[in-house]
Amino acid sequence: MDAYRSIAYPDPFLYSGLRLESRPMIRKFFYAILPMALSLLAVPAFSQWINVPPLKAPRTKSGEVDLKAPMPHRADGKPDLSGSWSPDDNRYVRDFALDMKPEDVPYLPWAKKVFDERKDGAHSGEDPDAHCLPQGVPKIDSVQYPWKVVYTPNSIAIIYETFNYWRRIFTDGRAMSPDANPTWMGYSTGKWEGDTFVVDTRGFNGRLWLDQLGRPTTEKLHVIERFLRVDYGHLIIDVTIDDPGAYTKPFSNRQEMHLRPGWEPMEFICGENNTDLPHLPGR
């Protein structure tokens, strides 16, 4: 397990050959040990652009973005989820059930057997991530790279830096066809329940792992995500896994995302320099 942890998202600059210099401000974020270095996070990395307009955001008296300011609203009165978000670490990528007792994950017998075979890292080379295949929903939201929420007239789109993936959550009342082709990311629809945006995703191909420990899924997987922006800089996502093909009942976790003012997703081509795969066991 320790060997796997050392190469599977140990820090986002080493995974799949992403260069340290490609995201200098994130590097400072992960490795800073002094308050002065941490304060640099307020300054986005604009090395790729010039003439960048000033960021419109609430400010503290010292001029920093006020992440504790009230959440913004759109013209329709609903909370505005726009912006670039990410968690502070990859712990839920590693272990979706991190906050649960091992005996509380409701495996079916076959799923428990598969998980027990995978969890020590001996089969890490079989993880779809290792082959630059999609992490799937909800795992991709838990990766430390930023993802950006963009509104369209009939959907909310999420642009992921991770492997350059994207996702659309349709808000126009459509429903997934029963004949839809199974996919890695599923088919997502969303609706508002008060101030919470509830996303329902189905239509998976059964090949994704819920986490790096190897919790399996099937084509019966149904993911429910509840997005709640609690203030300007913080977003809570309650994720429920309902997969009767692998688990006896639904189970959930709660993850906190932080707004990254001024950050934009960058190109991340996993297959361009994927140096991890030859070193992973179980290929």
# chains A, B, ... in the order shown; residues from 1 in each chain; ligands from 1
call {"tool": "closest_atom_pairs", "arguments": {"of": "range 85-123 of chain A", "to": "range 203-218 of chain A", "cutoff": "7 Å", "atoms": "only C-alpha atoms", "output": "JSON lines"}}
result
{"residue": "A:Val93", "atom": "CA", "partner": "A:Asp211", "partner_atom": "CA", "distance": 5.2}
{"residue": "A:Arg94", "atom": "CA", "partner": "A:Gln212", "partner_atom": "CA", "distance": 4.7}
{"residue": "A:Asp95", "atom": "CA", "partner": "A:Asp211", "partner_atom": "CA", "distance": 5.5}
{"residue": "A:Phe96", "atom": "CA", "partner": "A:Asp211", "partner_atom": "CA", "distance": 5.7}
{"residue": "A:Ala111", "atom": "CA", "partner": "A:Pro216", "partner_atom": "CA", "distance": 6.3}
{"residue": "A:Phe115", "atom": "CA", "partner": "A:Arg215", "partner_atom": "CA", "distance": 5.3}
{"residue": "A:Arg118", "atom": "CA", "partner": "A:Gly214", "partner_atom": "CA", "distance": 5.4}
{"residue": "A:Lys119", "atom": "CA", "partner": "A:Leu213", "partner_atom": "CA", "distance": 4.5}
call {"tool": "write_last_selection", "arguments": {"atoms": "all heavy atoms", "output": "tab-separated table (two decimals), in the first residue's frame"}}
result
chain	number	residue	atom	x	y	z
A	93	VAL	N	-9.60	10.69	-3.49
A	93	VAL	CA	-9.16	9.92	-4.66
A	93	VAL	C	-8.58	8.59	-4.18
A	93	VAL	O	-8.86	7.53	-4.75
A	93	VAL	CB	-8.10	10.69	-5.48
A	93	VAL	CG1	-7.57	9.83	-6.62
A	93	VAL	CG2	-8.68	11.97	-6.03
A	94	ARG	N	-7.80	8.68	-3.14
A	94	ARG	CA	-7.20	7.49	-2.57
A	94	ARG	C	-8.25	6.57	-1.93
A	94	ARG	O	-8.23	5.35	-2.14
A	94	ARG	CB	-6.18	7.91	-1.51
A	94	ARG	CG	-5.55	6.77	-0.73
A	94	ARG	CD	-4.69	5.89	-1.59
A	94	ARG	NE	-4.18	4.76	-0.83
A	94	ARG	CZ	-3.61	3.70	-1.39
A	94	ARG	NH1	-3.48	3.65	-2.70
A	94	ARG	NH2	-3.16	2.71	-0.66
A	95	ASP	N	-9.17	7.15	-1.16
A	95	ASP	CA	-10.09	6.34	-0.36
A	95	ASP	C	-11.43	7.05	-0.25
A	95	ASP	O	-11.60	7.95	0.58
A	95	ASP	CB	-9.49	6.10	1.03
A	95	ASP	CG	-10.32	5.17	1.91
A	95	ASP	OD1	-11.40	4.75	1.48
A	95	ASP	OD2	-9.87	4.88	3.03
A	96	PHE	N	-12.40	6.65	-1.07
A	96	PHE	CA	-13.71	7.28	-1.05
A	96	PHE	C	-14.37	7.14	0.31
A	96	PHE	O	-15.07	8.04	0.78
A	96	PHE	CB	-14.62	6.66	-2.12
A	96	PHE	CG	-16.01	7.25	-2.14
A	96	PHE	CD1	-16.28	8.38	-2.90
A	96	PHE	CD2	-17.04	6.68	-1.41
A	96	PHE	CE1	-17.55	8.94	-2.91
A	96	PHE	CE2	-18.31	7.24	-1.42
A	96	PHE	CZ	-18.56	8.37	-2.17
A	111	ALA	N	-17.88	-7.97	-4.57
A	111	ALA	CA	-17.22	-6.67	-4.55
A	111	ALA	C	-16.20	-6.59	-3.42
A	111	ALA	O	-15.12	-6.00	-3.58
A	111	ALA	CB	-18.25	-5.56	-4.41
A	115	PHE	N	-12.26	-5.88	-3.87
A	115	PHE	CA	-11.61	-4.80	-3.12
A	115	PHE	C	-10.44	-5.32	-2.30
A	115	PHE	O	-9.36	-4.71	-2.27
A	115	PHE	CB	-12.62	-4.11	-2.21
A	115	PHE	CG	-12.01	-3.08	-1.30
A	115	PHE	CD1	-11.50	-1.90	-1.81
A	115	PHE	CD2	-11.92	-3.32	0.06
A	115	PHE	CE1	-10.92	-0.96	-0.97
A	115	PHE	CE2	-11.35	-2.38	0.90
A	115	PHE	CZ	-10.85	-1.20	0.40
A	118	ARG	N	-7.43	-5.78	-4.40
A	118	ARG	CA	-6.84	-4.57	-4.96
A	118	ARG	C	-6.22	-3.64	-3.92
A	118	ARG	O	-5.29	-2.88	-4.24
A	118	ARG	CB	-7.91	-3.77	-5.72
A	118	ARG	CG	-8.42	-4.42	-6.97
A	118	ARG	CD	-9.60	-3.59	-7.52
A	118	ARG	NE	-10.08	-4.06	-8.81
A	118	ARG	CZ	-11.17	-3.59	-9.42
A	118	ARG	NH1	-11.89	-2.63	-8.83
A	118	ARG	NH2	-11.54	-4.06	-10.58
A	119	LYS	N	-6.71	-3.64	-2.70
A	119	LYS	CA	-6.43	-2.55	-1.77
A	119	LYS	C	-4.97	-2.44	-1.35
A	119	LYS	O	-4.53	-1.37	-0.90
A	119	LYS	CB	-7.31	-2.69	-0.53
A	119	LYS	CG	-7.02	-3.91	0.34
A	119	LYS	CD	-7.99	-3.95	1.51
A	119	LYS	CE	-7.74	-5.17	2.39
A	119	LYS	NZ	-8.69	-5.23	3.53
call {"tool": "residues_around", "arguments": {"residues": "Asn253 in chain A", "least_positions_apart": "3", "cutoff": "8 Å", "atoms": "only C-alpha atoms", "output": "ChimeraX atom specification"}}
result
/A:96-97,99,238-240
call {"tool": "write_last_selection", "arguments": {"atoms": "all heavy atoms", "output": "PDB file, in the first residue's frame"}}
result
ATOM      1  N   PHE A  96     -12.396   6.653  -1.070  1.00  0.00           N
ATOM      2  CA  PHE A  96     -13.713   7.283  -1.049  1.00  0.00           C
ATOM      3  C   PHE A  96     -14.373   7.137   0.314  1.00  0.00           C
ATOM      4  O   PHE A  96     -15.075   8.038   0.776  1.00  0.00           O
ATOM      5  CB  PHE A  96     -14.618   6.664  -2.119  1.00  0.00           C
ATOM      6  CG  PHE A  96     -16.007   7.251  -2.144  1.00  0.00           C
ATOM      7  CD1 PHE A  96     -16.279   8.381  -2.897  1.00  0.00           C
ATOM      8  CD2 PHE A  96     -17.043   6.683  -1.406  1.00  0.00           C
ATOM      9  CE1 PHE A  96     -17.552   8.942  -2.910  1.00  0.00           C
ATOM     10  CE2 PHE A  96     -18.312   7.235  -1.417  1.00  0.00           C
ATOM     11  CZ  PHE A  96     -18.564   8.368  -2.171  1.00  0.00           C
ATOM     12  N   ALA A  97     -14.149   6.011   0.982  1.00  0.00           N
ATOM     13  CA  ALA A  97     -14.781   5.727   2.278  1.00  0.00           C
ATOM     14  C   ALA A  97     -13.877   6.100   3.441  1.00  0.00           C
ATOM     15  O   ALA A  97     -13.952   5.498   4.520  1.00  0.00           O
ATOM     16  CB  ALA A  97     -15.168   4.254   2.353  1.00  0.00           C
ATOM     17  N   ASP A  99     -13.897   8.328   5.625  1.00  0.00           N
ATOM     18  CA  ASP A  99     -14.547   8.712   6.873  1.00  0.00           C
ATOM     19  C   ASP A  99     -15.455   7.622   7.440  1.00  0.00           C
ATOM     20  O   ASP A  99     -16.166   7.856   8.422  1.00  0.00           O
ATOM     21  CB  ASP A  99     -15.354   9.996   6.660  1.00  0.00           C
ATOM     22  CG  ASP A  99     -14.489  11.137   6.141  1.00  0.00           C
ATOM     23  OD1 ASP A  99     -13.348  11.264   6.607  1.00  0.00           O
ATOM     24  OD2 ASP A  99     -14.956  11.885   5.257  1.00  0.00           O
ATOM     25  N   ASP A 238     -21.887  16.696  -1.186  1.00  0.00           N
ATOM     26  CA  ASP A 238     -22.292  15.427  -0.575  1.00  0.00           C
ATOM     27  C   ASP A 238     -22.509  14.424  -1.704  1.00  0.00           C
ATOM     28  O   ASP A 238     -23.331  14.660  -2.601  1.00  0.00           O
ATOM     29  CB  ASP A 238     -23.580  15.597   0.231  1.00  0.00           C
ATOM     30  CG  ASP A 238     -23.359  16.390   1.517  1.00  0.00           C
ATOM     31  OD1 ASP A 238     -22.396  16.075   2.232  1.00  0.00           O
ATOM     32  OD2 ASP A 238     -24.139  17.320   1.786  1.00  0.00           O
ATOM     33  N   VAL A 239     -21.755  13.336  -1.675  1.00  0.00           N
ATOM     34  CA  VAL A 239     -21.777  12.344  -2.749  1.00  0.00           C
ATOM     35  C   VAL A 239     -22.367  11.037  -2.231  1.00  0.00           C
ATOM     36  O   VAL A 239     -21.912  10.510  -1.211  1.00  0.00           O
ATOM     37  CB  VAL A 239     -20.352  12.079  -3.288  1.00  0.00           C
ATOM     38  CG1 VAL A 239     -20.408  11.090  -4.450  1.00  0.00           C
ATOM     39  CG2 VAL A 239     -19.682  13.376  -3.709  1.00  0.00           C
ATOM     40  N   THR A 240     -23.371  10.533  -2.927  1.00  0.00           N
ATOM     41  CA  THR A 240     -23.979   9.250  -2.573  1.00  0.00           C
ATOM     42  C   THR A 240     -23.757   8.257  -3.699  1.00  0.00           C
ATOM     43  O   THR A 240     -24.034   8.552  -4.866  1.00  0.00           O
ATOM     44  CB  THR A 240     -25.482   9.403  -2.299  1.00  0.00           C
ATOM     45  OG1 THR A 240     -25.672  10.287  -1.193  1.00  0.00           O
ATOM     46  CG2 THR A 240     -26.119   8.052  -1.982  1.00  0.00           C
TER      47      THR A 240
END
call {"tool": "closest_residue", "arguments": {"among": "A:Arg91, A:Lys112, A:Arg229, A:Lys61", "to": "Lys139 in chain A", "atoms": "only C-alpha atoms"}}
result
A:Arg91
call {"tool": "select_by_dssp", "arguments": {"residues": "range 11-210 of chain A", "states": "helix (DSSP H, G or I)", "output": "ChimeraX atom specification"}}
result
/A:15-17,20-22,24-31,35-42,91-94,102-104,109-118,124-126,128-131,139-142,162-164
call {"tool": "residues_around", "arguments": {"residues": "Pro134 in chain A", "least_positions_apart": "4", "cutoff": "10 Å", "atoms": "only C-alpha atoms", "output": "NGL selection string"}}
result
:A and (128-130 or 139-140 or 162-165 or 183-185 or 207-209)
call {"tool": "residues_around", "arguments": {"residues": "Glu264 in chain A", "least_positions_apart": "4", "cutoff": "8 Å", "atoms": "only C-alpha atoms", "output": "number ranges by chain"}}
result
A: 84, 146, 148
call {"tool": "residues_around", "arguments": {"residues": "Thr196 in chain A", "least_positions_apart": "4", "cutoff": "12 Å", "atoms": "only C-alpha atoms", "output": "list in words"}}
result
Lys78, Pro79, Asp80, Leu81, Gly190, Lys191, Trp192, Glu225, Arg226, Phe227, Leu228, Arg229, Val230, Leu235, Ile236, Ile237 and Asp238 of chain A
call {"tool": "closest_residue", "arguments": {"among": "A:Pro178, A:Pro261, A:Gly245, A:Gly136", "to": "Lys56 in chain A", "atoms": "only C-alpha atoms"}}
result
A:Pro261
call {"tool": "closest_residue", "arguments": {"among": "A:Pro153, A:Gly173, A:Pro182, A:Pro106", "to": "Thr248 in chain A", "atoms": "only C-alpha atoms"}}
result
A:Pro106
call {"tool": "select_by_dssp", "arguments": {"residues": "range 91-277 of chain A", "states": "strand (DSSP E)", "output": "number ranges by chain"}}
result
A: 147-152, 155-160, 166-170, 187-193, 196-202, 222-231, 234-242, 251-259
call {"tool": "residues_around", "arguments": {"residues": "Ser82 in chain A", "least_positions_apart": "2", "cutoff": "10 Å", "atoms": "only C-alpha atoms", "output": "list in words"}}
result
Pro72, His73, Arg74, Pro79, Asp80, Ser84, Trp85, Lys148, Val149, Val150, Tyr151, Ile156, Ala157, Ile158 and Leu259 of chain A
call {"tool": "residues_around", "arguments": {"residues": "Ala57 in chain A", "least_positions_apart": "2", "cutoff": "10 Å", "atoms": "only C-alpha atoms", "output": "CSV table (one decimal) with N, CA and C atoms, in the first residue's frame"}}
result
chain,number,residue,atom,x,y,z
A,54,PRO,N,-8.2,42.6,-14.2
A,54,PRO,CA,-8.2,42.4,-12.8
A,54,PRO,C,-9.4,41.5,-12.4
A,55,LEU,N,-9.3,40.6,-11.4
A,55,LEU,CA,-10.3,39.7,-11.0
A,55,LEU,C,-11.4,40.5,-10.2
A,59,ARG,N,-13.2,41.8,-1.5
A,59,ARG,CA,-11.9,41.9,-1.0
A,59,ARG,C,-11.9,42.2,0.5
A,60,THR,N,-10.8,41.7,1.2
A,60,THR,CA,-10.6,42.1,2.5
A,60,THR,C,-10.0,43.5,2.6
A,64,GLU,N,-6.9,41.2,-0.3
A,64,GLU,CA,-7.0,39.9,-0.7
A,64,GLU,C,-8.4,39.5,-1.0
A,65,VAL,N,-8.6,38.4,-1.9
A,65,VAL,CA,-9.9,38.0,-2.1
A,65,VAL,C,-10.5,37.4,-0.8
A,66,ASP,N,-11.7,37.9,-0.5
A,66,ASP,CA,-12.4,37.5,0.7
A,66,ASP,C,-13.2,36.2,0.5
A,67,LEU,N,-12.5,35.1,0.9
A,67,LEU,CA,-13.2,33.8,0.6
A,67,LEU,C,-14.3,33.5,1.6
A,69,ALA,N,-16.6,35.9,2.3
A,69,ALA,CA,-17.7,36.8,1.9
A,69,ALA,C,-18.9,36.0,1.5
A,72,PRO,N,-22.2,34.5,-4.0
A,72,PRO,CA,-22.9,35.3,-5.1
A,72,PRO,C,-24.1,34.5,-5.6
A,232,TYR,N,-18.4,32.6,-0.3
A,232,TYR,CA,-17.7,32.9,-1.6
A,232,TYR,C,-16.7,31.9,-1.9
A,261,PRO,N,-9.3,31.6,-6.8
A,261,PRO,CA,-9.5,32.8,-7.6
A,261,PRO,C,-8.4,33.0,-8.6
A,262,GLY,N,-8.8,33.3,-9.9
A,262,GLY,CA,-7.9,33.6,-10.9
A,262,GLY,C,-7.3,32.4,-11.6
call {"tool": "atom_distance", "arguments": {"atom1": "CA of Glu267 in chain A", "atom2": "CA of Ile159 in chain A"}}
result
10.8 Å
